[in-house]
Amino acid sequence: REQIQVSGSSTVLPYATIVAEAFGENTDFPTPVVESGGSSAGLKKFCEGVGENTTDIANASRAIKDSEIEACKANGVTDIMEVRIGYDGIVFASDIAGNDFQFTPADWFNALAAEVVKDGKVVANPHTKWSEIRADLPEQEILAFVPGTKHGTREVFEEKVIAAGCEESGAAEVFKAEKGEDEAESACMALRTDGKSIDIDGDYTETLARIQSAKNGIGIFGLSFYENNTDKLKVATIAGVQPSTESIASGEYPVSRPLFFYVKKQHIGTIPGLKEFTEFFVSDELAGAEGPLAAYGLVADPELAATQAAVADEKTMATAQ
Amino acid sequence: MSDASLDGAKPRNSLLVADPHTRKRNAAEARFRAYGLGAIVISMIMLVILLSTILGGGVSAFRQTYLEIPVALDAAQLDKNGNRDPQDIRKILTLTYGKILQQALEQTIADKGIAIAGLSDKDVTGMISKEASAQLRNRVLADPELIGQTVTARVLVNGRVDGYYKGRVSMESAARDANTSPAQLQLADALKAQGMLATQWNWSFLTSPDASDQRPEAAGVGIAILGSLYMMLVVLALAVPIGVAASIYLEEFAPQNRWTDIIEVNISNLAAVPSIVFGILGLAAFINFAGLPQSAPIVGGLVLTLMTLPTIIIATRAALKAVPPSIRDAALGVGASKMQSVFHHVLPLAMPGILTGTIIGLAQALGETAPLLLIGMVAFVRNVPSAPPDGLFEPASALPVQVYNWTQRADPAFIERASGAIIVLLVFLLCMNLLAILLRRKFERRW
Amino acid sequence: MNDMRILERAVEQTEIKISARDVQVWYGDKHAIKDVDVDLLDKTVTAFIGPSGCGKSTFLRCLNRMNDTIDISRVEGKITLDGEDIYDKRVDPVQLRARVGMVFQKPNPFPKSIYDNVAYGPRIHGLARSRAELDEIVEKSLRGAALWNEVKDRLNDPGTGLSGGQQQRLCIARAVATQPEVLLMDEPCSALDPIATSQVEELIDQLRAEFSVVIVTHSMQQAARVSQKTAFFHLGNLVEYGNTDDIFTNPRDPRTESYISGRIG
Amino acid sequence: MNDMRILERAVEQTEIKISARDVQVWYGDKHAIKDVDVDLLDKTVTAFIGPSGCGKSTFLRCLNRMNDTIDISRVEGKITLDGEDIYDKRVDPVQLRARVGMVFQKPNPFPKSIYDNVAYGPRIHGLARSRAELDEIVEKSLRGAALWNEVKDRLNDPGTGLSGGQQQRLCIARAVATQPEVLLMDEPCSALDPIATSQVEELIDQLRAEFSVVIVTHSMQQAARVSQKTAFFHLGNLVEYGNTDDIFTNPRDPRTESYISGRIG
Amino acid sequence: MPASWTLLIVLALAGAGYFVTRARVIAQAGGDVRRLHSRPSYHGWNAALLTALPALFLIAIWRFVQPAANVTPVAILALVLAAAGLGLALMRSAPGFRARNAVEATVKGLLILCSSIAILTTAGIVFSMLFETGQFFRQYPWHDFFFGTTWSPRFGGGSQLGILPLLWGTLYISLIALAVSVPIGLFAAIYMSEYATPRLRGVAKPMIEVLAGIPTIVYGLFALITVGPMLRDWFAQPLGLGSSGSSVMTAGLVMGIMLIPFVSSLSDDIINAVPQSLRDGALGLGSTQSETVRKVVLPAALPGIVGAVLLAASRAIGETMIVVLGAGAAARMDLNPFEAMTTITVKIVSQLTGDNDFAAPETLVAFALGLTLFVITLGLNIVALYVVRKYREQYE
Ligand SMILES: Nc1ncnc2c1ncn2[C@@H]1O[C@H](COP(=O)(O)OP(=O)(O)OP(=O)(O)O)[C@@H](O)[C@H]1O
Ligand SMILES: Nc1ncnc2c1ncn2[C@@H]1O[C@H](COP(=O)(O)OP(=O)(O)OP(=O)(O)O)[C@@H](O)[C@H]1O
Ligand SMILES: [Mg+2]
Ligand SMILES: [Mg+2]
């Protein structure tokens, strides 16, 4: 096999293709083949074994799980290099012609949770308008397009927005008191199913299309997607912070997640250009704050230098641990 | 309808006026006919609506905006050692070429005396597609002697500017758009006025490979066409003969027993298996077990073959069943073997049904993405695969995959590309079906 | 059974049921029926005779517009039923065919049960008010077609599982069950044994009391036995038409004579 | 033409071509053929007569195993051709059918051209070495079946576009063209006019010189004219089998007598 | 590529075998082909098959068992095999040799082989999912899966993975899709085969077939952007049936459109194959054309039509994109057709292509869903087979 095979997350896909394209243009190696199919499928293929017909790199919008490392090991994939390429910001946006929103996580919890606390009591979520939650929010039907349960973004949304909002609003305390520790946690993250919160199993383009056919909807997007569609979408602030690569990199904007790729070290040397590609990916010219990836919406990793060093040393996860 | 009263002798009615019963039946007849016509009209209207949305959104993908500017290939930047050593020139990355192009554009703006209020550096840099620097680099690598000269470069412009000339982007939307600005569009207008910028027929959409998210203007369906073509070759070469053979066996030769019932149920059940499950099978059987390469049209073709087989078999069996037994008897009666009676008489009569199955099966196979997800064909591929048979084993994309990928991309310019790719896909399909349709017409007869 | 007795039955009827004038039929380029003029009488059995391929079936199919179903066939001329042009635009061929029934040359039972085959016509025309009435019609028709005894125990078996002659009788029963005014029968007895044949002939004779029957036959004896009028076709032409007695005893045209005496085919 | 002269043809042949012993046929539960024992002679025309539905076609289909194609039919007993059991496992029914040809009761031409219909058998059996030879076979067969004159100008027209009687003759020509040793003809003349009938009868007489012919017919006259041996079936039984002369002049079984004299059907 | 060279040589040998044997046997018969048991070309074919098949099978088996191994010895073995086959064929060729039977037996063998591919595929599908399904049921209780009425996978564990809402959605959407496509398709087929002029039919049929070739994403977007809002604004909201933009109805309708050609084209072929004599029989009794169609032609064409409908139903069950965009992703059990629901297939795809841990039940459930769906459709197909058997009307 001549070309590098990359598989995995569709969130990382755009960045990986930008890099692959540049790699193909600027080196004598063929352009790597970048598949998309989700982090899970990508890692699964990655862990299928070692050899020509297995992939070399798996993109993931989350860290690899221990169970997955085990599965990898069982198939002989023992030396895995973990590379963090940066962060993906998650933003709330609505139709450009609609109202402006300034949210707090608590607003989202109160809008979308299955059960909320009203006057100290746990009740099924009664809210139908944003203004019912907080008077200074616009009087607009609650309609949210949240990523479906297949998306990694959903996990981030549940943890960093809904669960955080649960704490922030004090509902967590009440839940704990009423249901106990374990139940409370899942009660905090359970979303309502009465059609106010709509799961999107497709991707951001679908969310965008849905907002265009239901103008009062608010969607959850990746930062890069929003940045490419600023003429159609209006972004909301969270806790008063406007999302941008800078505010996310600095940690001011709370909702983001790291993006990774995993390299099969056992293929370095047998697959031409694998090491070079990995280094190329994390080089300052590409993954740096001024590089094309950042221009496209990737939040550059402040610790990029450490990553570069680790890649140069071919540090595997085992050696790192 | 048995309520018409009738006493002994029938009244003798005129033929020219329908009696009530006949009128009722004729009304039913007319309704029935109207339903039929209505069904066809509905189908046609739907077809027209769908096609017009596709065409409306997609034909513009076949046109593209280009900018022609003189570019000074600065030797100091491109060949620092000055010895035109190809190795050294290779070391210069596209970034440098990007800068050169930017300088060239700035130079042009200055030369032509174009002054636009609020024109930022970013607007000027962003005007030219990132693809252009790669093209320029390749041009220089192919002919190092160009270094130091001033050449005329025909470069792609940014997707937003292109969209401006296709009506996708307006001054108002540009004002809100982070990736362009009214000033940039004004610059484009100014360049257009100078005759340097034009929207032209775009062959490269059909020939060039996919491009990354940052350069929608450069993305094409070349590799996808090849990949689909290769896969269809495999499907055609395998699914049709195997499907027809299997149907012939089951319908004409197999004894009627439990075993054939199992096979029969099995086949119709396979038709109901979601296509992605065939992807799971393909991954397990062809890649992990048989060791075929990933992302290769051969695997895609095999998976699609398995997926198409039930369709073809069901259609073929239905068609074989519909051939009257007297034809078989006639052949057997003159001493033809069962095999001969089938191949000489029954099969030709069943041909229309077989071809219909093929048309529908191939249409499905050609448009399918889900199973390709798992065998690595939903991928970003930029290297053109070679000719078959070797090319069958090299990575390629496919048309529906390209559509699927492009509809997921953030940049709205890809929507237009996706529609364009759908047009290509439909044209591809029509070409493929044309032969089948003509053949079918030849074989159709009533007896 | 094998006599050639020509019954001295008077042809009292003079009322014209079907009249054809200058009828031409083409199959593509082939001119299958040429200039046929004929008046078929009411309450009369008319026999069409003539060598195979001379156009008997074709002309028969013109009489209830069954030729419409053959793409390449084209009919010209004028055919009237009770004085009304059946090729008139306003005429509903369905109504026409309900009044002019047909038994085809090749038996074509529906792939349904024997009962349903016979009950088909009465059902669509609403001839029976109740199931019992329908049963009655079916039985009567099957009896008339001399099939009842053979199939009475298997009325629910498919009609396609019958022997050739049984299928033929089934088709006769099917046509009779719809009670048409004119019954066109294309070689209805070709696959029948002599007994069955004579039973069908009896049926035809009964039908004559009320209806008009046209029968195509290759058996001169049969024509002589059942028909009052005979038409002799040859190469698409109606050569001679007249009282059966006259045609068989005293043909005017030499071709008729040769055919009857077995010299031309 | 309409005589019932029974030819005084000597039945010299004694060589047995087909011999059936204790043959039973069931269609599902229906016992269609019961205990039939018969020896069909070589170079002889045997006529099967009997009322419609008595099992003539069924028995005929047993003789070249065409019954194999009917799912629900089941054959028992032993039938030999030239002493070899045709229901033996080693027997290739294809080869059997090439030797024992068949003309079906309902004409079933292939939806191909007239020429191809006739040429089909010779082609698959390799009976012609060249196109010219094939043309010759086709012409000879069509002439034999008395169809040549009617179709010689339209050999490339579809066989399904012929008249009923023409189709029947086409099927005869098709069967003859394969030159079988035994020819089974199920009512081959039912749709033919007297002249065509006599021509086909002549053909049968010619074939007898070399082959063995079995013909099902409802016409007693025809049986008398063409056959040397006659078998009378009734309700699935073979009632009587013997020289045609004897059967018609001096039937032994009362049922035969009644049938011939037209009393049972 | 030595493999392709071997292939070419084997095929060339087979071709040579055809001509040589054919010529030889003609010579043996002294030029009179009538003395042969089988036509000369059968002798030729026999030789060709005998030469090519064993060698090709060897190569194919080798390719599967030992994909990367050194091919030279195998290639040589294959060539030897081919040569041996050719020799055998030549040796056996004699006027009396039953070449036709030999060829037909071989062809029949090949036909059986082809039909067994269906069985192999089924076995492959079951095996490729069995292991993961087992894994799933080890981690998730089976009764919760089969009888659970909630579907809500979670990343952190504690998912509820009941199949019932998905099954309900699958059936509901498929039913609506069939309710659209079967009448329209059938009427279109009837019109094309019974009423339309050949010209209209020649145009309409291929045109309608284009509907089957339009990528499903186009239908999906059509559902999402056009049909969904339309149904919401014109039906759901005025009727007080909710205000969901995506609904079972939307997906069903749009999918129904896609499925029209499956029903219409196949049925049209089958209806067209019903012999004209049957129509004549009915018309001759004075039935209208529609009565002829309904009472005679359709029953006679029933098995084929049921096949076509089954095919359409199968596609409906297997469709993803239209459901995702048209019906949404919410797993819900509801009678209201204007509510969002989803299907098993959609969830198979989304769980398989999601971001979950690939060894967690949330991903493995896809396999369990797949296998369950497989069993369910198997049941439906058995019923369909039974129905067809019962009502089949065999003409002639
Ligand atoms: N396919 C079949 N299925 C069931 N019963 C059948 C089938 N074919 C024939 N039969 C029955 O078997 C009996 C004998 O039929 P057969 O066709 O042999 O009669 P036949 O003597 O040829 O009559 P005919 O002179 O009318 O052609 C009949 O009662 C008939 O109904
Ligand atoms: N569908 C058709 N297409 C073309 N030619 C046809 C068609 N039907 C009949 N013919 C031709 O028209 C002529 C008359 O046919 P017709 O069926 O009327 O003959 P017929 O008198 O009924 O003969 P038979 O006694 O053999 O049934 C014949 O030459 C026949 O070949
Ligand atoms: Mg006729
Ligand atoms: Mg019979």
# chains A, B, ... in the order shown; residues from 1 in each chain; ligands from 1
$ closest_atom_pairs --of "chain C" --to "ligand 3" --cutoff "7 Å" --atoms "only C-alpha atoms and all ligand atoms" --output "CSV"
residue,atom,partner,partner_atom_place_in_ligand_line,distance
C:Ser52,CA,ligand 3,1 (Mg),6.9
C:Gly53,CA,ligand 3,1 (Mg),6.6
C:Gly55,CA,ligand 3,1 (Mg),7.0
C:Lys56,CA,ligand 3,1 (Mg),5.8
C:Ser57,CA,ligand 3,1 (Mg),4.1
C:Gln105,CA,ligand 3,1 (Mg),6.1
C:Asp186,CA,ligand 3,1 (Mg),6.7
$ select_by_dssp --residues "stretch 136-248 of chain C" --states "helix (DSSP H, G or I)" --output "ChimeraX atom specification"
/C:136-144,148-151,159-161,164-177,194-208,220-226,244-248
$ atom_distance --atom1 "atom CA of D:Val176" --atom2 "atom CA of B:Ser326"
18.6 Å
$ closest_residue --among "C:Asp253, C:Asp68, C:Glu202, C:Glu133" --to "ligand 2" --atoms "only C-alpha atoms and all ligand atoms"
C:Asp68
$ residues_near_ligand --ligand "ligand 1" --cutoff "8 Å" --atoms "only C-alpha atoms and all ligand atoms" --output "ChimeraX atom specification"
/C:150-151,157,160-168,191-193 /D:27-28,30-33,50-60,70,72-73,105,186,217-218,233,235-236
$ residues_around --residues "stretch 206-208 of chain A" --least-positions-apart "5" --cutoff "7 Å" --atoms "only C-alpha atoms" --output "list in words"
Phe145, Ile200 and Gly219 of chain A
$ residues_around --residues "stretch 157-165 of chain E" --least-positions-apart "3" --cutoff "6 Å" --atoms "only C-alpha atoms" --output "PyMOL selection string"
chain E and resi 144-146+148-154+168+331-333
$ interface_residues --of "chain E" --to "chain B" --cutoff "6 Å" --atoms "only C-alpha atoms" --output "list of chain:residue names"
E:Phe64, E:Leu111, E:Cys114, E:Ser115, E:Ile125, E:Ser128, E:Ile184, E:Phe187, E:Ala188, E:Tyr191, E:Gly213, E:Pro215, E:Asp269, E:Ala273, E:Pro275, E:Gln276, E:Ser290, E:Gly304, E:Ser314, E:Gly318, E:Leu378, E:Asn381
$ closest_residue --among "C:Leu134, C:Pro107, C:Leu183, C:Asn243" --to "ligand 4" --atoms "only C-alpha atoms and all ligand atoms"
C:Pro107
$ residues_around --residues "stretch 133-143 of chain E" --least-positions-apart "4" --cutoff "7 Å" --atoms "only C-alpha atoms" --output "MDAnalysis selection string"
chainID E and resid 129 147 361 364:365 367:368
$ closest_atom_pairs --of "chain B" --to "chain D" --cutoff "6 Å" --atoms "only C-alpha atoms" --output "CSV"
residue,atom,partner,partner_atom,distance
B:Gly333,CA,D:Met102,CA,5.3
B:Val334,CA,D:Gly101,CA,5.7
B:Gly335,CA,D:Ala98,CA,3.9
B:Ser337,CA,D:Val94,CA,5.1
$ write_last_selection --atoms "N, CA, C and O atoms" --output "short mmCIF file (atom, residue, chain, number, x, y, z; two decimals), in the first residue's frame"
data_model
loop_
_atom_site.label_atom_id
_atom_site.label_comp_id
_atom_site.auth_asym_id
_atom_site.auth_seq_id
_atom_site.Cartn_x
_atom_site.Cartn_y
_atom_site.Cartn_z
N GLY B 333 -41.55 -30.68 -26.07
CA GLY B 333 -42.21 -31.61 -26.97
C GLY B 333 -41.43 -31.88 -28.25
O GLY B 333 -41.61 -32.92 -28.87
N VAL B 334 -40.60 -30.95 -28.65
CA VAL B 334 -39.79 -31.23 -29.85
C VAL B 334 -38.42 -31.74 -29.44
O VAL B 334 -37.50 -31.79 -30.25
N GLY B 335 -38.28 -32.14 -28.18
CA GLY B 335 -37.04 -32.78 -27.78
C GLY B 335 -35.96 -31.82 -27.31
O GLY B 335 -34.79 -32.17 -27.30
N SER B 337 -33.97 -29.97 -24.40
CA SER B 337 -33.77 -30.27 -22.99
C SER B 337 -34.34 -29.12 -22.19
O SER B 337 -34.62 -28.05 -22.71
#
$ select_by_dssp --residues "stretch 36-191 of chain A" --states "strand (DSSP E or B)" --output "NGL selection string"
:A and (57-60 or 80-95 or 102-103 or 113 or 115-118 or 121-124 or 129 or 141 or 144-147 or 191)
$ write_last_selection --atoms "N, CA and C atoms" --output "compact mmCIF listing (two decimals), in the first residue's frame"
# COMPACT_ATOMS: atom_id res chain seq x y z
N ILE A 57 -4.33 5.47 10.84
CA ILE A 57 -4.65 6.57 11.75
C ILE A 57 -6.15 6.58 11.99
N ALA A 58 -6.54 6.79 13.23
CA ALA A 58 -7.96 6.95 13.51
C ALA A 58 -8.19 8.34 14.08
N ASN A 59 -9.10 9.07 13.46
CA ASN A 59 -9.49 10.37 14.00
C ASN A 59 -10.57 10.15 15.04
N ALA A 60 -10.54 10.96 16.08
CA ALA A 60 -11.59 10.80 17.08
C ALA A 60 -11.92 12.16 17.67
N ILE A 80 0.16 2.59 20.27
CA ILE A 80 -0.69 3.63 19.74
C ILE A 80 -0.16 4.98 20.18
N MET A 81 -0.04 5.89 19.21
CA MET A 81 0.35 7.25 19.57
C MET A 81 -0.90 8.12 19.60
N GLU A 82 -1.07 8.82 20.70
CA GLU A 82 -2.22 9.71 20.79
C GLU A 82 -1.78 11.13 20.48
N VAL A 83 -2.47 11.78 19.55
CA VAL A 83 -2.09 13.13 19.16
C VAL A 83 -3.30 14.03 19.30
N ARG A 84 -3.17 15.07 20.11
CA ARG A 84 -4.28 16.00 20.23
C ARG A 84 -4.03 17.16 19.28
N ILE A 85 -4.98 17.44 18.43
CA ILE A 85 -4.69 18.47 17.43
C ILE A 85 -5.27 19.81 17.80
N GLY A 86 -6.18 19.85 18.76
CA GLY A 86 -6.76 21.13 19.11
C GLY A 86 -8.13 20.93 19.68
N TYR A 87 -8.92 22.00 19.67
CA TYR A 87 -10.24 21.92 20.30
C TYR A 87 -11.31 22.36 19.31
N ASP A 88 -12.47 21.76 19.53
CA ASP A 88 -13.63 22.08 18.72
C ASP A 88 -14.59 22.85 19.61
N GLY A 89 -14.90 24.08 19.24
CA GLY A 89 -15.85 24.84 20.04
C GLY A 89 -17.27 24.49 19.66
N ILE A 90 -18.14 24.53 20.64
CA ILE A 90 -19.53 24.21 20.35
C ILE A 90 -20.37 25.44 20.64
N VAL A 91 -21.14 25.86 19.65
CA VAL A 91 -21.85 27.13 19.78
C VAL A 91 -23.34 26.95 19.56
N PHE A 92 -24.09 27.91 20.07
CA PHE A 92 -25.54 27.92 19.90
C PHE A 92 -25.86 29.02 18.91
N ALA A 93 -26.60 28.67 17.89
CA ALA A 93 -26.87 29.70 16.89
C ALA A 93 -28.29 29.57 16.39
N SER A 94 -28.83 30.72 15.98
CA SER A 94 -30.20 30.73 15.49
C SER A 94 -30.23 31.52 14.18
N ASP A 95 -31.39 31.58 13.59
CA ASP A 95 -31.51 32.23 12.30
C ASP A 95 -31.06 33.69 12.39
N GLN A 102 -28.69 35.66 24.90
CA GLN A 102 -27.56 35.52 25.81
C GLN A 102 -27.95 34.43 26.80
N PHE A 103 -27.26 33.31 26.67
CA PHE A 103 -27.67 32.18 27.50
C PHE A 103 -26.74 31.99 28.68
N ALA A 113 -34.42 20.24 29.96
CA ALA A 113 -34.42 19.07 30.84
C ALA A 113 -35.82 18.46 30.90
N GLU A 115 -37.13 17.11 33.52
CA GLU A 115 -37.75 17.57 34.76
C GLU A 115 -36.96 18.77 35.28
N VAL A 116 -37.66 19.75 35.77
CA VAL A 116 -36.97 20.91 36.33
C VAL A 116 -37.53 21.14 37.74
N VAL A 117 -36.86 22.03 38.42
CA VAL A 117 -37.31 22.34 39.77
C VAL A 117 -38.07 23.64 39.73
N LYS A 118 -39.28 23.60 40.17
CA LYS A 118 -40.09 24.81 40.18
C LYS A 118 -40.61 24.99 41.61
N LYS A 121 -39.91 22.22 43.93
CA LYS A 121 -40.44 20.88 43.68
C LYS A 121 -40.02 20.40 42.28
N VAL A 122 -39.85 19.10 42.17
CA VAL A 122 -39.48 18.54 40.87
C VAL A 122 -40.75 18.37 40.04
N VAL A 123 -40.78 19.02 38.90
CA VAL A 123 -41.95 18.90 38.03
C VAL A 123 -41.49 18.60 36.61
N ALA A 124 -42.40 18.01 35.82
CA ALA A 124 -42.09 17.82 34.41
C ALA A 124 -41.97 19.21 33.77
N LYS A 129 -41.88 28.80 26.40
CA LYS A 129 -41.24 29.99 25.81
C LYS A 129 -39.97 30.29 26.57
N GLU A 141 -40.86 30.70 21.16
CA GLU A 141 -41.06 29.27 21.44
C GLU A 141 -39.73 28.60 21.69
N ALA A 144 -35.27 23.49 20.15
CA ALA A 144 -33.82 23.33 20.05
C ALA A 144 -33.48 22.11 19.23
N PHE A 145 -32.51 22.27 18.36
CA PHE A 145 -32.00 21.14 17.58
C PHE A 145 -30.69 20.70 18.19
N VAL A 146 -30.76 19.62 18.93
CA VAL A 146 -29.53 19.16 19.58
C VAL A 146 -29.01 17.94 18.85
N PRO A 147 -27.69 17.75 18.90
CA PRO A 147 -27.11 16.61 18.20
C PRO A 147 -27.67 15.31 18.76
N LEU A 191 -33.18 14.73 28.75
CA LEU A 191 -33.80 15.80 27.97
C LEU A 191 -35.28 15.50 27.76
$ decode --residues "stretch 124-130 of chain D" --atoms "all heavy atoms" --output "CSV table (one decimal), in the first residue's frame"
chain,number,residue,atom,x,y,z
D,124,ILE,N,-31.7,-27.7,-32.8
D,124,ILE,CA,-31.1,-28.3,-31.6
D,124,ILE,C,-30.7,-29.7,-31.7
D,124,ILE,O,-29.8,-30.2,-31.0
D,124,ILE,CB,-32.1,-28.1,-30.4
D,124,ILE,CG1,-33.4,-28.8,-30.7
D,124,ILE,CG2,-32.3,-26.7,-30.0
D,124,ILE,CD1,-34.2,-29.0,-29.4
D,125,HIS,N,-31.2,-30.4,-32.7
D,125,HIS,CA,-30.8,-31.8,-32.8
D,125,HIS,C,-29.7,-31.9,-33.9
D,125,HIS,O,-29.3,-33.0,-34.2
D,125,HIS,CB,-32.0,-32.7,-33.2
D,125,HIS,CG,-33.0,-32.7,-32.1
D,125,HIS,ND1,-32.7,-33.1,-30.9
D,125,HIS,CD2,-34.3,-32.4,-32.1
D,125,HIS,CE1,-33.8,-33.1,-30.1
D,125,HIS,NE2,-34.8,-32.6,-30.8
D,126,GLY,N,-29.3,-30.8,-34.5
D,126,GLY,CA,-28.3,-30.9,-35.5
D,126,GLY,C,-28.7,-31.7,-36.7
D,126,GLY,O,-27.9,-32.5,-37.2
D,127,LEU,N,-29.9,-31.6,-37.2
D,127,LEU,CA,-30.4,-32.4,-38.3
D,127,LEU,C,-30.0,-31.8,-39.6
D,127,LEU,O,-30.1,-32.5,-40.6
D,127,LEU,CB,-31.9,-32.5,-38.2
D,127,LEU,CG,-32.4,-33.2,-37.0
D,127,LEU,CD1,-33.9,-33.4,-37.1
D,127,LEU,CD2,-31.7,-34.5,-36.8
D,128,ALA,N,-29.5,-30.6,-39.6
D,128,ALA,CA,-29.1,-30.0,-40.9
D,128,ALA,C,-27.7,-29.5,-40.9
D,128,ALA,O,-27.2,-29.0,-39.9
D,128,ALA,CB,-30.0,-28.8,-41.2
D,129,ARG,N,-27.0,-29.8,-41.9
D,129,ARG,CA,-25.6,-29.4,-42.0
D,129,ARG,C,-25.4,-28.0,-42.4
D,129,ARG,O,-24.4,-27.4,-42.2
D,129,ARG,CB,-24.8,-30.4,-42.9
D,129,ARG,CG,-24.2,-31.5,-42.1
D,129,ARG,CD,-23.6,-32.6,-43.0
D,129,ARG,NE,-24.6,-33.1,-43.8
D,129,ARG,CZ,-24.4,-34.2,-44.6
D,129,ARG,NH1,-23.2,-34.7,-44.7
D,129,ARG,NH2,-25.4,-34.7,-45.4
D,130,SER,N,-26.4,-27.5,-43.2
D,130,SER,CA,-26.2,-26.2,-43.7
D,130,SER,C,-27.5,-25.5,-43.7
D,130,SER,O,-28.6,-26.1,-43.5
D,130,SER,CB,-25.7,-26.3,-45.2
D,130,SER,OG,-26.7,-26.9,-45.9
